[in-house]
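Colleague: Please find one structure pasted underneath; my questions will follow.
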Amino acid sequence: MAGERKKGRKVNGEGSIFQRSSDGLWVASAYVYTASGRLERKRKYARSFDDARAELVRLQSNNDQGIPIPDKSMSVAEYLEHWLAIVKVERRLTTYHGYESVVRLHIVPSLGTKRLDRLTGADVRHFISTVRAKCLCCTNGRHARRKPKQPACCRPGLRCCERRPTARQVQYVHAVLRNALSNAEREELVMRNVAKLVKVSTPKYKVGKGLTVAQAKSLLDAAKGTRWYALYVTAATLGLRHGELLGLRWQDIDFERATLTVAQTVARAAGELYVGPAKSDASEATIPLPKVTRRVLEEHRRRQDKDRATAGRWEDHDLVFPSTIGKPLEPRNLNRHFDGLRVTAGLPDVRLHDLRHTVVSLLLDLGTPPHVVQAIARHAHVDITMAIYAHTNLDAMRQALDAIEWKDL
């Protein structure tokens, strides 16, 4: 009869199943190895004998395969606090602050009280659905920071602005949880990463075509005479990222060998300027210095030496593009300068990062092998180079189609 325990002689170490008289639950019990390496008796509870037997089989099967049972029970919030402490030491400060904000604003409020080893795919699936439905103004507390006369959503009598997360933001929240649970899996605190069971939609990125040569020249012509002309030339000819330009040091440039090494970056994290390592191992690389870039940088260095000599105050950080007193430049100040520059050049929709797109796209259009373009752009994989930047224009498509020889039509 189903649900009824069968009697018989048991093999030593087989485990046991019995029904608890206090509440009628069935208990599966077996000696298995835990994450700490100890052999302990573990119990699993079920409402029927068949379910208890399935739990016993699962316990023993995992034990036979060398999969230990977590022997620490902690909440998701407790574990994430432990995980963030590791991230703070091992990852970039900007990465840590991004993870910390996701944990604090999204994951802990929804999943923090749940036991880490009992988290399920259904829990994560429901969590992601709540993230999609959130109002970001309410979640991030932006309405509380607004000035008294400014309208704010989520207050009594006011309608919520319903500013929902984008697909990229939802993907990032899911990625943070997935990374945290992957670490828990490595530490043998959970038996599997349940976040991997939940799929989120992948955002669609626009193809980065960058500027034409004529547009780039117009932008550089407008920058001539400004103290940031050399920065824009470097961006347009080498495709360095925003933070890499601001973190570039004179010691990273070898004028004799005509090379430039990307070694550090400047970013804003937790309200302060942060000077740290390059974005990734692939980003930290040495690239050739074009003749035009070398000439402009040499002129820029002579001009900077004069500025340093006449400045009343100068903090020497060996930066190629520092502030007026030698300190790391505030990224927002550069953005404001570029905003005025693009209007002067008649290119109001251009971003500073588009200069990076320009270098990559022009190289691909010239027929440069993708792996060479990848090395110059310092992408981690050539697939990134091709997926984001590669595009085929109408003339190239027409030329390809006209090459087909149709006869007797």
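Note on naming: chains are A, B, ... as they come in the structure tokens, residues start from 1 per chain, ligands start from 1 in the order shown.
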Give me every helix (DSSP H, G or I) residue in region 175-399 of chain A, going by DSSP on the backbone, as number ranges by chain.

Modeller: A: 175-186, 194-197, 213-223, 229-238, 242-247, 250-252, 291-310, 331-344, 354-365, 370-377, 382-389, 394-399

Colleague: Which is closest to His242 (chain A) among A:Val194, A:Cys135, A:Leu352, A:Ala258, if we use only C-alpha atoms?

Modeller: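 Ranking A:Val194, A:Cys135, A:Leu352, A:Ala258 by distance to His242 (chain A), first place goes to A:Leu352.
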
Colleague: So, counting only C-alpha atoms, which residue among A:His337, A:Arg295, A:Arg53, A:Arg192 is closest to Arg118 (chain A)?

Modeller: A:Arg192

Colleague: Using only C-alpha atoms, pick whichever of A:Glu100, A:Glu272, A:Glu90, A:Glu298 has the shortest atom-to-atom distance to Val320 (chain A).

Modeller: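 Smallest separation from Val320 (chain A) among the options: A:Glu298.
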
Colleague: Hey, can you check how far CA of Leu246 (chain A) sits from CA of Thr265 (chain A)?

Modeller: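 Computing it gives 6.6 Å between the two atoms.
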
Colleague: Distance CA of Thr237 (chain A)-CA of Gly276 (chain A), one decimal place?

Modeller: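 So the two atoms, CA of Thr237 (chain A) and CA of Gly276 (chain A), lie 23.6 Å apart.
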
Colleague: Choose the residue, out of A:Ala375, A:Glu315, A:His300, A:Glu40, that has the smallest atom-to-atom separation from Lys224 (chain A); count only C-alpha atoms.

Modeller: A:His300

Colleague: Env of Val200 (chain A): 9 Å cut, atoms = only C-alpha atoms, seq-sep filter 4 positions within chain, self excluded. Answer as a PDB file with N, CA and C atoms, in the first residue's frame.

Modeller:
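Output contents, as saved in around_4.pdb:
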```
ATOM      1  N   ILE A 128      12.580  38.180  -8.806  1.00  0.00           N
ATOM      2  CA  ILE A 128      12.853  38.899 -10.048  1.00  0.00           C
ATOM      3  C   ILE A 128      11.588  39.593 -10.556  1.00  0.00           C
ATOM      4  N   ALA A 167      15.575  46.493 -18.588  1.00  0.00           N
ATOM      5  CA  ALA A 167      15.987  45.091 -18.712  1.00  0.00           C
ATOM      6  C   ALA A 167      17.421  44.905 -18.243  1.00  0.00           C
ATOM      7  N   VAL A 170      17.443  44.893 -14.342  1.00  0.00           N
ATOM      8  CA  VAL A 170      16.946  43.611 -13.831  1.00  0.00           C
ATOM      9  C   VAL A 170      18.009  42.534 -14.014  1.00  0.00           C
ATOM     10  N   GLN A 171      18.658  42.529 -15.166  1.00  0.00           N
ATOM     11  CA  GLN A 171      19.719  41.556 -15.428  1.00  0.00           C
ATOM     12  C   GLN A 171      20.860  41.715 -14.430  1.00  0.00           C
ATOM     13  N   HIS A 174      19.873  40.293 -10.992  1.00  0.00           N
ATOM     14  CA  HIS A 174      19.935  38.827 -11.061  1.00  0.00           C
ATOM     15  C   HIS A 174      21.388  38.349 -11.058  1.00  0.00           C
TER      16      HIS A 174
END
```

Colleague: Name the residues in contact with Thr293 (chain A) at a cut-off of 8 Å, using only C-alpha atoms, excluding same-chain residues fewer than 2 positions from it; report them as a list in words.

Modeller: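 So, after excluding close chain neighbours, the residues are Ala230, Val233, Thr234, Thr237, Leu289, Pro290, Lys291, Arg295, Val296 and Leu297 of chain A.
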